[in-house]
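**Q** Sharing query.pdb here; it has PDB, C-alpha atoms.
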```
ATOM      1  CA  MET T   1     127.306 144.116  12.611
ATOM      2  CA  SER T   2     126.604 140.425  12.301
ATOM      3  CA  ASP T   3     129.740 139.138  10.648
ATOM      4  CA  VAL T   4     132.701 140.628  12.468
ATOM      5  CA  LYS T   5     135.965 138.916  11.684
ATOM      6  CA  LYS T   6     139.196 139.084  13.614
ATOM      7  CA  PHE T   7     141.816 140.726  11.436
ATOM      8  CA  LEU T   8     145.485 140.615  12.316
ATOM      9  CA  TYR T   9     147.974 142.765  10.446
ATOM     10  CA  VAL T  10     151.443 141.280  10.880
ATOM     11  CA  ASN T  11     154.396 143.648  10.474
ATOM     12  CA  ARG T  12     157.816 142.013  10.214
ATOM     13  CA  LYS T  13     159.942 144.489   8.262
ATOM     14  CA  ALA T  14     161.951 147.589   9.154
ATOM     15  CA  PRO T  15     160.091 150.838   8.480
ATOM     16  CA  HIS T  16     162.350 152.016   5.661
ATOM     17  CA  GLY T  17     164.081 150.447   2.698
ATOM     18  CA  THR T  18     160.902 148.802   1.492
ATOM     19  CA  ILE T  19     157.355 150.075   1.116
ATOM     20  CA  TYR T  20     155.844 147.341   3.334
ATOM     21  CA  ALA T  21     155.498 149.356   6.559
ATOM     22  CA  LEU T  22     153.770 152.285   4.874
ATOM     23  CA  GLU T  23     151.554 150.023   2.780
ATOM     24  CA  SER T  24     150.526 148.078   5.855
ATOM     25  CA  LEU T  25     149.627 151.283   7.659
ATOM     26  CA  GLU T  26     147.529 152.453   4.717
ATOM     27  CA  VAL T  27     145.673 149.155   4.527
ATOM     28  CA  VAL T  28     145.013 149.323   8.263
ATOM     29  CA  LEU T  29     143.602 152.841   7.917
ATOM     30  CA  ILE T  30     141.395 151.799   5.011
ATOM     31  CA  GLY T  31     140.316 148.566   6.671
ATOM     32  CA  ALA T  32     139.354 150.403   9.856
ATOM     33  CA  ALA T  33     136.339 151.835   8.038
ATOM     34  CA  PHE T  34     134.788 148.361   7.828
ATOM     35  CA  GLU T  35     134.320 148.012  11.593
ATOM     36  CA  GLN T  36     135.980 144.647  11.933
ATOM     37  CA  ASP T  37     137.915 143.467  14.975
ATOM     38  CA  VAL T  38     141.379 144.703  14.088
ATOM     39  CA  ALA T  39     144.679 143.962  15.804
ATOM     40  CA  LEU T  40     148.253 144.716  14.799
ATOM     41  CA  ALA T  41     151.299 142.553  15.445
ATOM     42  CA  PHE T  42     154.908 143.686  15.349
ATOM     43  CA  LEU T  43     157.702 141.142  15.316
ATOM     44  CA  ASP T  44     161.159 140.541  13.837
ATOM     45  CA  ASP T  45     162.474 143.825  12.335
ATOM     46  CA  GLY T  46     158.873 145.076  12.351
ATOM     47  CA  VAL T  47     159.399 146.244  15.941
ATOM     48  CA  TYR T  48     161.596 149.025  14.557
ATOM     49  CA  GLN T  49     158.437 150.603  13.115
ATOM     50  CA  LEU T  50     157.441 151.538  16.655
ATOM     51  CA  VAL T  51     160.843 152.612  17.962
ATOM     52  CA  LYS T  52     160.744 156.283  18.962
ATOM     53  CA  GLY T  53     162.591 159.054  17.195
ATOM     54  CA  TRP T  54     162.587 158.289  13.491
ATOM     55  CA  ASP T  55     164.618 160.692  11.423
ATOM     56  CA  THR T  56     163.768 160.387   7.741
ATOM     57  CA  SER T  57     165.327 163.677   6.669
ATOM     58  CA  GLU T  58     168.112 161.954   4.700
ATOM     59  CA  LEU T  59     165.840 159.304   3.220
ATOM     60  CA  GLY T  60     163.641 161.464   1.038
ATOM     61  CA  VAL T  61     160.470 159.973   2.508
ATOM     62  CA  LYS T  62     157.832 161.474   4.736
ATOM     63  CA  ASN T  63     158.121 160.658   8.422
ATOM     64  CA  PHE T  64     154.882 158.734   8.775
ATOM     65  CA  GLN T  65     155.522 157.547  12.325
ATOM     66  CA  PRO T  66     153.036 160.069  13.835
ATOM     67  CA  ALA T  67     150.287 158.245  11.946
ATOM     68  CA  TYR T  68     150.698 155.203  14.221
ATOM     69  CA  THR T  69     149.635 157.361  17.156
ATOM     70  CA  ALA T  70     146.385 158.210  15.340
ATOM     71  CA  LEU T  71     145.349 154.549  15.153
ATOM     72  CA  GLY T  72     143.502 154.891  18.467
ATOM     73  CA  ASP T  73     141.150 157.325  16.685
ATOM     74  CA  TYR T  74     140.498 154.498  14.220
ATOM     75  CA  ASP T  75     139.393 152.222  17.080
ATOM     76  CA  ILE T  76     142.510 150.098  16.977
ATOM     77  CA  GLN T  77     143.049 149.020  20.546
ATOM     78  CA  LYS T  78     145.264 145.970  20.266
ATOM     79  CA  VAL T  79     148.874 146.347  19.224
ATOM     80  CA  TYR T  80     150.882 143.217  20.014
ATOM     81  CA  VAL T  81     154.660 143.514  20.152
ATOM     82  CA  GLU T  82     156.750 140.375  20.528
ATOM     83  CA  ARG T  83     159.062 140.475  23.542
ATOM     84  CA  GLU T  84     161.714 138.173  22.038
ATOM     85  CA  SER T  85     161.974 140.340  18.914
ATOM     86  CA  LEU T  86     162.581 143.386  21.120
ATOM     87  CA  GLU T  87     165.159 141.589  23.282
ATOM     88  CA  GLU T  88     167.052 140.159  20.298
ATOM     89  CA  ARG T  89     167.541 143.751  19.126
ATOM     90  CA  GLY T  90     168.492 145.174  22.506
ATOM     91  CA  LEU T  91     165.177 147.004  22.785
ATOM     92  CA  SER T  92     162.525 147.247  25.472
ATOM     93  CA  GLU T  93     159.027 148.703  25.791
ATOM     94  CA  ASP T  94     160.588 152.036  26.862
ATOM     95  CA  ASP T  95     162.045 152.448  23.365
ATOM     96  CA  LEU T  96     158.603 152.372  21.751
ATOM     97  CA  ILE T  97     156.292 155.256  20.877
ATOM     98  CA  GLU T  98     153.136 155.690  22.916
ATOM     99  CA  MET T  99     149.984 154.336  21.341
ATOM    100  CA  THR T 100     146.712 154.909  23.124
ATOM    101  CA  TYR T 101     142.971 154.520  22.677
ATOM    102  CA  GLU T 102     139.970 155.764  24.625
ATOM    103  CA  ASP T 103     138.017 153.056  26.368
ATOM    104  CA  GLU T 104     134.326 153.631  25.695
ATOM    105  CA  ASP T 105     133.351 151.270  28.526
ATOM    106  CA  ASP T 106     135.510 153.049  31.087
ATOM    107  CA  ASP T 107     134.386 156.699  30.772
ATOM    108  CA  TRP T 108     136.695 157.233  27.766
ATOM    109  CA  ALA T 109     139.799 156.707  29.869
ATOM    110  CA  GLU T 110     142.985 156.837  27.806
ATOM    111  CA  LYS T 111     144.755 153.479  27.787
ATOM    112  CA  SER T 112     147.825 152.075  26.122
ATOM    113  CA  SER T 113     147.174 149.934  23.046
ATOM    114  CA  ILE T 114     150.584 148.281  23.186
ATOM    115  CA  ARG T 115     150.741 144.803  24.656
ATOM    116  CA  ILE T 116     154.077 143.064  24.937
ATOM    117  CA  VAL T 117     153.582 139.348  24.356
ATOM    118  CA  SER T 118     155.853 136.316  24.209
ATOM    119  CA  ARG T 119     156.539 134.392  21.016
ATOM    120  CA  GLU T 120     154.287 131.638  22.276
ATOM    121  CA  GLU T 121     151.446 134.077  22.948
ATOM    122  CA  MET T 122     151.961 135.602  19.509
ATOM    123  CA  ALA T 123     151.515 132.184  17.927
ATOM    124  CA  GLN T 124     148.247 131.777  19.818
ATOM    125  CA  ILE T 125     147.070 135.247  18.719
ATOM    126  CA  MET T 126     147.707 134.216  15.115
ATOM    127  CA  ARG T 127     145.808 130.952  15.597
ATOM    128  CA  ASP T 128     142.851 132.895  17.034
ATOM    129  CA  SER T 129     142.638 135.296  14.092
ATOM    130  CA  ASP T 130     140.261 134.772  11.154
ATOM    131  CA  VAL T 131     142.246 136.813   8.644
ATOM    132  CA  ILE T 132     146.000 137.422   8.733
ATOM    133  CA  LEU T 133     147.588 139.976   6.457
ATOM    134  CA  SER T 134     151.362 139.786   6.497
ATOM    135  CA  PHE T 135     153.635 142.664   5.535
TER
ATOM    136  CA  MET B   1     150.990 164.333 -10.915
ATOM    137  CA  SER B   2     149.743 167.757 -11.831
ATOM    138  CA  THR B   3     146.914 168.063 -14.324
ATOM    139  CA  GLY B   4     145.961 171.708 -13.829
ATOM    140  CA  PHE B   5     146.490 174.862 -11.866
ATOM    141  CA  TYR B   6     144.737 177.159  -9.442
ATOM    142  CA  GLU B   7     145.391 180.856 -10.027
ATOM    143  CA  VAL B   8     146.226 182.730  -6.822
ATOM    144  CA  ASN B   9     147.488 186.316  -6.930
ATOM    145  CA  GLY B  10     148.883 185.760 -10.405
ATOM    146  CA  LYS B  11     150.682 182.570  -9.327
ATOM    147  CA  GLN B  12     149.914 179.085 -10.585
ATOM    148  CA  VAL B  13     149.475 176.329  -8.011
ATOM    149  CA  PRO B  14     149.429 172.824  -9.520
ATOM    150  CA  HIS B  15     146.745 170.299  -8.565
ATOM    151  CA  ASP B  16     145.972 166.688  -9.445
ATOM    152  CA  GLU B  17     143.054 165.413 -11.531
ATOM    153  CA  GLU B  18     140.702 165.648  -8.545
ATOM    154  CA  GLY B  19     141.762 169.128  -7.485
ATOM    155  CA  TYR B  20     144.041 168.271  -4.564
ATOM    156  CA  ILE B  21     147.152 170.443  -4.598
ATOM    157  CA  THR B  22     150.359 168.605  -5.445
ATOM    158  CA  ASN B  23     152.754 170.431  -3.108
ATOM    159  CA  LEU B  24     151.330 170.779   0.372
ATOM    160  CA  SER B  25     153.588 173.769   1.020
ATOM    161  CA  ASP B  26     151.799 175.750  -1.723
ATOM    162  CA  TRP B  27     148.798 176.227   0.572
ATOM    163  CA  SER B  28     147.645 179.675   1.678
ATOM    164  CA  LYS B  29     144.384 181.155   2.958
ATOM    165  CA  GLU B  30     143.918 182.848  -0.412
ATOM    166  CA  LEU B  31     144.341 179.503  -2.166
ATOM    167  CA  ALA B  32     141.769 177.932   0.186
ATOM    168  CA  GLU B  33     139.248 180.590  -0.879
ATOM    169  CA  VAL B  34     139.969 179.848  -4.544
ATOM    170  CA  ILE B  35     139.517 176.083  -4.104
ATOM    171  CA  ALA B  36     136.347 176.628  -2.052
ATOM    172  CA  LYS B  37     134.843 178.823  -4.748
ATOM    173  CA  GLN B  38     135.517 176.110  -7.318
ATOM    174  CA  GLU B  39     133.736 173.662  -5.011
ATOM    175  CA  GLY B  40     130.778 176.048  -4.757
ATOM    176  CA  ILE B  41     131.437 176.892  -1.128
ATOM    177  CA  ASP B  42     131.452 180.346   0.476
ATOM    178  CA  MET B  43     133.907 180.127   3.333
ATOM    179  CA  THR B  44     132.379 181.168   6.668
ATOM    180  CA  ASP B  45     133.923 181.056  10.154
ATOM    181  CA  GLU B  46     132.342 177.623  10.563
ATOM    182  CA  HIS B  47     134.043 176.343   7.408
ATOM    183  CA  TRP B  48     137.355 177.760   8.550
ATOM    184  CA  GLU B  49     136.974 176.069  11.916
ATOM    185  CA  VAL B  50     136.853 172.663  10.205
ATOM    186  CA  VAL B  51     139.580 173.479   7.691
ATOM    187  CA  ASN B  52     141.925 174.759  10.392
ATOM    188  CA  PHE B  53     141.151 171.737  12.531
ATOM    189  CA  LEU B  54     142.075 169.408   9.649
ATOM    190  CA  ARG B  55     145.363 171.217   9.132
ATOM    191  CA  GLU B  56     146.195 170.845  12.825
ATOM    192  CA  TYR B  57     145.263 167.155  12.711
ATOM    193  CA  TYR B  58     147.484 166.593   9.700
ATOM    194  CA  ASP B  59     150.314 168.490  11.334
ATOM    195  CA  GLU B  60     150.150 166.212  14.357
ATOM    196  CA  TYR B  61     149.487 162.817  12.733
ATOM    197  CA  GLN B  62     150.632 163.205   9.117
ATOM    198  CA  ILE B  63     147.367 161.757   7.840
ATOM    199  CA  ALA B  64     144.082 163.222   6.685
ATOM    200  CA  PRO B  65     141.427 161.608   8.884
ATOM    201  CA  ALA B  66     138.600 159.468   7.502
ATOM    202  CA  ILE B  67     135.135 160.984   7.897
ATOM    203  CA  ARG B  68     134.240 158.804  10.899
ATOM    204  CA  VAL B  69     137.418 159.851  12.670
ATOM    205  CA  LEU B  70     136.902 163.499  11.752
ATOM    206  CA  VAL B  71     133.372 163.515  13.189
ATOM    207  CA  LYS B  72     134.609 161.976  16.429
ATOM    208  CA  ALA B  73     137.543 164.371  16.751
ATOM    209  CA  ILE B  74     135.393 167.437  16.027
ATOM    210  CA  LYS B  75     132.893 166.247  18.606
ATOM    211  CA  LYS B  76     135.654 165.984  21.163
ATOM    212  CA  LYS B  77     136.974 169.457  20.432
ATOM    213  CA  PHE B  78     133.870 171.504  19.578
ATOM    214  CA  GLY B  79     131.037 169.481  21.126
ATOM    215  CA  PRO B  80     128.226 167.264  19.769
ATOM    216  CA  GLU B  81     126.341 170.114  18.037
ATOM    217  CA  LYS B  82     129.240 170.317  15.563
ATOM    218  CA  GLY B  83     130.600 166.796  15.811
ATOM    219  CA  ASN B  84     127.922 165.131  13.726
ATOM    220  CA  ASN B  85     127.420 164.167  10.091
ATOM    221  CA  LYS B  86     124.491 166.527   9.508
ATOM    222  CA  TYR B  87     126.374 169.659  10.557
ATOM    223  CA  LEU B  88     129.494 168.743   8.613
ATOM    224  CA  TYR B  89     127.623 167.714   5.459
ATOM    225  CA  GLU B  90     125.726 171.013   5.527
ATOM    226  CA  LEU B  91     129.062 172.833   5.477
ATOM    227  CA  PHE B  92     130.649 170.506   2.912
ATOM    228  CA  PRO B  93     127.866 168.851   0.890
ATOM    229  CA  TYR B  94     130.168 166.665  -1.242
ATOM    230  CA  GLY B  95     131.737 165.016   1.774
ATOM    231  CA  PRO B  96     133.369 166.820   4.696
ATOM    232  CA  ALA B  97     136.554 164.780   4.727
ATOM    233  CA  LYS B  98     137.037 164.913   0.962
ATOM    234  CA  GLN B  99     136.013 168.496   0.317
ATOM    235  CA  ALA B 100     137.406 170.112   3.464
ATOM    236  CA  CYS B 101     140.727 168.299   2.960
ATOM    237  CA  LYS B 102     140.934 169.653  -0.562
ATOM    238  CA  ILE B 103     140.331 173.197   0.691
ATOM    239  CA  ALA B 104     142.785 172.636   3.549
ATOM    240  CA  GLY B 105     145.455 171.653   1.027
ATOM    241  CA  LEU B 106     145.814 168.112   2.372
ATOM    242  CA  PRO B 107     145.949 164.827   0.482
ATOM    243  CA  LYS B 108     142.714 162.942  -0.037
ATOM    244  CA  PRO B 109     141.911 160.985   3.145
ATOM    245  CA  THR B 110     143.226 157.449   3.101
ATOM    246  CA  GLY B 111     140.400 155.054   2.413
ATOM    247  CA  CYS B 112     138.287 157.658   0.680
ATOM    248  CA  VAL B 113     137.706 156.224  -2.786
TER
END
```
I'd like the structure from this file rewritten - as structure tokens, please.
**A**
Amino acid sequence: MSDVKKFLYVNRKAPHGTIYALESLEVVLIGAAFEQDVALAFLDDGVYQLVKGWDTSELGVKNFQPAYTALGDYDIQKVYVERESLEERGLSEDDLIEMTYEDEDDDWAEKSSIRIVSREEMAQIMRDSDVILSF
Amino acid sequence: MSTGFYEVNGKQVPHDEEGYITNLSDWSKELAEVIAKQEGIDMTDEHWEVVNFLREYYDEYQIAPAIRVLVKAIKKKFGPEKGNNKYLYELFPYGPAKQACKIAGLPKPTGCV
């Protein structure tokens, strides 16, 4: 493809209480069909979207967290999580779900998609993106 | 929103305007045969293989995979002779993801318009 753009989907809201997290996920899944360079960013309360062990039984909504682990199948290999946002909420990488992809250039080895980055690095990632969609 | 019903063993199972069932828990093998017939498909072991695979995929990830993802996943599980567009379109001529998901009782794949 000649005109590949760098897309960054920015997730800043808690998974429940608003429809933003689910909508973002749906747009990511749809957008993945267009074979662009797609990355996801999680910061502020958005990091809660990736915290293990959702229980939505009392919320009356489907637990859509397993869908994040399918993103590797959709060729999404870059999931940036902001370290400061985790720390401010008493969280660390160990609290997050596993997200993996298979590296075509490395005999389909399974690798983690999650990259913990600093606030400063996150700003640079945003500057380097062609299209930013914020949820 | 339900706009019609499938008849299975004297029971009515509601579906939407495109034929996807409204309550995923209404699904049964008998219902799958009824939906398939309406789609003009005679269910063979090969059809069931794909339908069962989709149900397992949905069970694990809570999403119905897009066609590209389905092809890749089938290839991984059953090998390249089945994990390709030609094979899957021969089984499900109106679109493997769309049609097989309908028969499997899943929602329409996200991004399938």
**Q** Please, which residues of chain T lie no more than 12 Å from chain B when the count uses only C-alpha atoms, and can they be set out as an MDAnalysis selection string?
**A** chainID T and resid 22:23 25:35 62:76 102 108
**Q** As a list in words, please: the residues near T:Ile132 (cut-off 9 Å, all atoms listed in the file, same-chain neighbours under 4 positions excluded).
**A**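 Everything that qualifies: Lys6, Phe7, Leu8, Tyr9, Val10 and Met126 of chain T.
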**Q** List as a PyMOL selection string the protein and nucleic acid residues near stretch 4-15 of chain B, meaning an atom at most 8 Å away when only C-alpha atoms are counted, but skip any in the same chain fewer than 2 places from it.
**A** chain B and resi 1-2+17-23+26+30-31+34-35
**Q** Once the PyMOL selection byres ((chain B and resi 85-97) around 12) is applied to the coordinates I shared, what remains selected? I want it as JSON, numbers by chain.
**A** {"B": [36, 39, 40, 41, 42, 43, 44, 45, 46, 47, 48, 49, 50, 51, 53, 54, 55, 63, 64, 65, 66, 67, 68, 69, 70, 71, 72, 74, 75, 78, 79, 80, 81, 82, 83, 84, 98, 99, 100, 101, 102, 103, 104, 105, 106, 107, 108, 109, 110, 111, 112, 113]}
**Q** Between atom CA of T:Pro15 and atom CA of B:Asp16, what is the distance in Å, rounded to a tenth?
**A** 27.8 Å
**Q** Which distance in Å separates atom CA of T:Asp106 and atom CA of T:Ala39, to one decimal?
**A** 20.0 Å
**Q** I'd like the interatomic distance between atom CA of T:Tyr101 and atom CA of T:Glu84, to a tenth of an Å.
**A**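 Rounded to one decimal, the two atoms are 24.9 Å apart.
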**Q** Pick from T:Ser24, T:Ser92, T:Ser113, T:Ser57: nearest to T:Lys78, with all atoms listed in the file counted?
**A**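 The shortest atom-to-atom distance to T:Lys78 comes from T:Ser113.
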**Q** Might you pull out every residue within 12 Å of T:Asp44, with only C-alpha atoms counted and same-chain residues fewer than 4 positions away left off, and present them as a count of residues only?
**A** 22
**Q** I'd like the contact shell of T:Ile125 - 9 Å cut-off, all atoms listed in the file, skipping same-chain residues fewer than 4 positions apart - returned as a list in words.
**A**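 Near neighbours after the sequence-gap exclusion: Leu8, Tyr80, Glu120, Glu121 and Ser129 of chain T.
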**Q** Distance cut-off 10 Å, centre (147.6, 150.4, 26.7) in file coordinates, counting all atoms listed in the file: which residues qualify? Return them as an mmCIF file with C-alpha atoms, in the coordinates of the input.
**A**
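This is the output file point21.cif:
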```
data_model
loop_
_atom_site.group_PDB
_atom_site.id
_atom_site.type_symbol
_atom_site.label_atom_id
_atom_site.label_comp_id
_atom_site.auth_asym_id
_atom_site.auth_seq_id
_atom_site.Cartn_x
_atom_site.Cartn_y
_atom_site.Cartn_z
ATOM 1 C CA GLN T 77 143.049 149.020 20.546
ATOM 2 C CA LYS T 78 145.264 145.970 20.266
ATOM 3 C CA VAL T 79 148.874 146.347 19.224
ATOM 4 C CA GLU T 98 153.136 155.690 22.916
ATOM 5 C CA MET T 99 149.984 154.336 21.341
ATOM 6 C CA THR T 100 146.712 154.909 23.124
ATOM 7 C CA TYR T 101 142.971 154.520 22.677
ATOM 8 C CA GLU T 102 139.970 155.764 24.625
ATOM 9 C CA ASP T 103 138.017 153.056 26.368
ATOM 10 C CA GLU T 110 142.985 156.837 27.806
ATOM 11 C CA LYS T 111 144.755 153.479 27.787
ATOM 12 C CA SER T 112 147.825 152.075 26.122
ATOM 13 C CA SER T 113 147.174 149.934 23.046
ATOM 14 C CA ILE T 114 150.584 148.281 23.186
ATOM 15 C CA ARG T 115 150.741 144.803 24.656
ATOM 16 C CA ILE T 116 154.077 143.064 24.937
#
```
**Q** Up to 8 Å from (164.5, 153.7, 4.7) in the file's coordinates: name the residues, counting only C-alpha atoms, as a list in words.
**A** Ala14, Pro15, His16, Gly17, Thr18, Thr56, Leu59 and Val61 of chain T
**Q** To box stretch 90-103 of chain B, take all atoms listed in the file, fit an axis-aligned box, add 5 Å on each side, and give centre and edge lengths in Å to one decimal, as lines of an AutoDock Vina configuration file.
**A**
```
center_x = 133.3
center_y = 169.0
center_z = 2.1
size_x = 25.2
size_y = 18.4
size_z = 16.8
```
**Q** Choose the residue, out of T:Ala41, T:Ile19, T:Asp3, T:Gln36, that has the smallest atom-to-atom separation from T:Ala123; count all atoms listed in the file.
**A**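 Counting all atoms listed in the file, the residue closest to T:Ala123 is T:Ala41.
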**Q** For stretch 1-99 of chain B, write C-alpha atoms out as a PDB file, in the first residue's frame.
**A**
```
ATOM      1  CA  MET B   1     -34.429  -5.386  17.572  1.00  0.00           C
ATOM      2  CA  SER B   2     -36.358  -8.375  16.362  1.00  0.00           C
ATOM      3  CA  THR B   3     -38.046  -8.212  12.981  1.00  0.00           C
ATOM      4  CA  GLY B   4     -38.885 -11.881  12.460  1.00  0.00           C
ATOM      5  CA  PHE B   5     -38.560 -15.396  13.732  1.00  0.00           C
ATOM      6  CA  TYR B   6     -36.961 -18.706  12.886  1.00  0.00           C
ATOM      7  CA  GLU B   7     -39.139 -21.735  13.609  1.00  0.00           C
ATOM      8  CA  VAL B   8     -37.262 -24.498  15.430  1.00  0.00           C
ATOM      9  CA  ASN B   9     -39.110 -27.499  16.859  1.00  0.00           C
ATOM     10  CA  GLY B  10     -42.270 -25.441  17.192  1.00  0.00           C
ATOM     11  CA  LYS B  11     -40.419 -22.629  18.992  1.00  0.00           C
ATOM     12  CA  GLN B  12     -39.931 -19.119  17.663  1.00  0.00           C
ATOM     13  CA  VAL B  13     -36.429 -17.657  17.765  1.00  0.00           C
ATOM     14  CA  PRO B  14     -36.318 -13.910  17.057  1.00  0.00           C
ATOM     15  CA  HIS B  15     -33.833 -12.442  14.574  1.00  0.00           C
ATOM     16  CA  ASP B  16     -32.958  -8.962  13.337  1.00  0.00           C
ATOM     17  CA  GLU B  17     -33.619  -7.528   9.873  1.00  0.00           C
ATOM     18  CA  GLU B  18     -30.545  -9.279   8.465  1.00  0.00           C
ATOM     19  CA  GLY B  19     -31.271 -12.658  10.018  1.00  0.00           C
ATOM     20  CA  TYR B  20     -28.855 -12.577  12.953  1.00  0.00           C
ATOM     21  CA  ILE B  21     -30.477 -13.995  16.075  1.00  0.00           C
ATOM     22  CA  THR B  22     -31.200 -11.441  18.785  1.00  0.00           C
ATOM     23  CA  ASN B  23     -30.423 -13.563  21.856  1.00  0.00           C
ATOM     24  CA  LEU B  24     -27.167 -15.438  21.483  1.00  0.00           C
ATOM     25  CA  SER B  25     -28.329 -18.006  24.035  1.00  0.00           C
ATOM     26  CA  ASP B  26     -31.160 -19.090  21.697  1.00  0.00           C
ATOM     27  CA  TRP B  27     -28.647 -20.914  19.492  1.00  0.00           C
ATOM     28  CA  SER B  28     -28.819 -24.669  18.935  1.00  0.00           C
ATOM     29  CA  LYS B  29     -27.556 -27.069  16.270  1.00  0.00           C
ATOM     30  CA  GLU B  30     -31.122 -27.423  15.006  1.00  0.00           C
ATOM     31  CA  LEU B  31     -31.399 -23.645  14.691  1.00  0.00           C
ATOM     32  CA  ALA B  32     -28.095 -23.553  12.770  1.00  0.00           C
ATOM     33  CA  GLU B  33     -29.553 -26.012  10.244  1.00  0.00           C
ATOM     34  CA  VAL B  34     -32.653 -23.831   9.865  1.00  0.00           C
ATOM     35  CA  ILE B  35     -30.620 -20.651   9.292  1.00  0.00           C
ATOM     36  CA  ALA B  36     -28.312 -22.475   6.862  1.00  0.00           C
ATOM     37  CA  LYS B  37     -31.254 -23.721   4.826  1.00  0.00           C
ATOM     38  CA  GLN B  38     -32.568 -20.167   4.569  1.00  0.00           C
ATOM     39  CA  GLU B  39     -29.123 -19.121   3.332  1.00  0.00           C
ATOM     40  CA  GLY B  40     -29.205 -21.906   0.734  1.00  0.00           C
ATOM     41  CA  ILE B  41     -26.493 -23.923   2.432  1.00  0.00           C
ATOM     42  CA  ASP B  42     -26.492 -27.667   3.134  1.00  0.00           C
ATOM     43  CA  MET B  43     -24.432 -28.112   6.264  1.00  0.00           C
ATOM     44  CA  THR B  44     -21.565 -30.582   5.799  1.00  0.00           C
ATOM     45  CA  ASP B  45     -18.787 -31.521   8.238  1.00  0.00           C
ATOM     46  CA  GLU B  46     -16.662 -28.829   6.597  1.00  0.00           C
ATOM     47  CA  HIS B  47     -19.313 -26.180   7.261  1.00  0.00           C
ATOM     48  CA  TRP B  48     -19.632 -27.318  10.851  1.00  0.00           C
ATOM     49  CA  GLU B  49     -15.879 -27.113  11.302  1.00  0.00           C
ATOM     50  CA  VAL B  50     -15.970 -23.391  10.473  1.00  0.00           C
ATOM     51  CA  VAL B  51     -19.144 -22.709  12.445  1.00  0.00           C
ATOM     52  CA  ASN B  52     -17.810 -24.478  15.531  1.00  0.00           C
ATOM     53  CA  PHE B  53     -14.509 -22.670  15.172  1.00  0.00           C
ATOM     54  CA  LEU B  54     -16.312 -19.305  15.094  1.00  0.00           C
ATOM     55  CA  ARG B  55     -18.253 -20.180  18.228  1.00  0.00           C
ATOM     56  CA  GLU B  56     -15.025 -21.084  20.025  1.00  0.00           C
ATOM     57  CA  TYR B  57     -13.405 -17.848  18.842  1.00  0.00           C
ATOM     58  CA  TYR B  58     -16.339 -15.815  20.095  1.00  0.00           C
ATOM     59  CA  ASP B  59     -16.311 -17.659  23.392  1.00  0.00           C
ATOM     60  CA  GLU B  60     -12.670 -16.752  23.916  1.00  0.00           C
ATOM     61  CA  TYR B  61     -12.565 -13.169  22.592  1.00  0.00           C
ATOM     62  CA  GLN B  62     -16.180 -11.961  22.713  1.00  0.00           C
ATOM     63  CA  ILE B  63     -15.977 -10.736  19.128  1.00  0.00           C
ATOM     64  CA  ALA B  64     -16.854 -12.210  15.763  1.00  0.00           C
ATOM     65  CA  PRO B  65     -13.649 -12.035  13.717  1.00  0.00           C
ATOM     66  CA  ALA B  66     -13.355 -10.063  10.475  1.00  0.00           C
ATOM     67  CA  ILE B  67     -12.843 -12.199   7.371  1.00  0.00           C
ATOM     68  CA  ARG B  68      -9.094 -11.502   7.194  1.00  0.00           C
ATOM     69  CA  VAL B  69      -8.676 -12.563  10.805  1.00  0.00           C
ATOM     70  CA  LEU B  70     -10.864 -15.628  10.310  1.00  0.00           C
ATOM     71  CA  VAL B  71      -8.801 -16.802   7.327  1.00  0.00           C
ATOM     72  CA  LYS B  72      -5.587 -16.404   9.305  1.00  0.00           C
ATOM     73  CA  ALA B  73      -6.947 -18.190  12.372  1.00  0.00           C
ATOM     74  CA  ILE B  74      -8.355 -21.084  10.326  1.00  0.00           C
ATOM     75  CA  LYS B  75      -5.022 -21.410   8.563  1.00  0.00           C
ATOM     76  CA  LYS B  76      -3.279 -21.648  11.901  1.00  0.00           C
ATOM     77  CA  LYS B  77      -5.646 -24.302  13.205  1.00  0.00           C
ATOM     78  CA  PHE B  78      -6.536 -26.387  10.137  1.00  0.00           C
ATOM     79  CA  GLY B  79      -3.699 -25.626   7.711  1.00  0.00           C
ATOM     80  CA  PRO B  80      -3.354 -23.591   4.486  1.00  0.00           C
ATOM     81  CA  GLU B  81      -5.626 -25.863   2.398  1.00  0.00           C
ATOM     82  CA  LYS B  82      -8.552 -24.608   4.503  1.00  0.00           C
ATOM     83  CA  GLY B  83      -7.199 -21.260   5.629  1.00  0.00           C
ATOM     84  CA  ASN B  84      -7.754 -19.430   2.368  1.00  0.00           C
ATOM     85  CA  ASN B  85     -10.460 -17.273   0.810  1.00  0.00           C
ATOM     86  CA  LYS B  86     -11.278 -19.715  -1.994  1.00  0.00           C
ATOM     87  CA  TYR B  87     -12.058 -22.628   0.321  1.00  0.00           C
ATOM     88  CA  LEU B  88     -14.107 -20.516   2.707  1.00  0.00           C
ATOM     89  CA  TYR B  89     -16.051 -18.721  -0.033  1.00  0.00           C
ATOM     90  CA  GLU B  90     -16.912 -22.082  -1.602  1.00  0.00           C
ATOM     91  CA  LEU B  91     -18.456 -23.133   1.707  1.00  0.00           C
ATOM     92  CA  PHE B  92     -20.130 -19.773   2.353  1.00  0.00           C
ATOM     93  CA  PRO B  93     -20.610 -17.994  -0.990  1.00  0.00           C
ATOM     94  CA  TYR B  94     -22.121 -14.799   0.470  1.00  0.00           C
ATOM     95  CA  GLY B  95     -19.136 -14.158   2.696  1.00  0.00           C
ATOM     96  CA  PRO B  96     -17.660 -16.613   5.198  1.00  0.00           C
ATOM     97  CA  ALA B  97     -17.519 -14.210   8.115  1.00  0.00           C
ATOM     98  CA  LYS B  98     -21.011 -12.830   7.542  1.00  0.00           C
ATOM     99  CA  GLN B  99     -22.815 -16.026   6.632  1.00  0.00           C
TER     100      GLN B  99
END
```
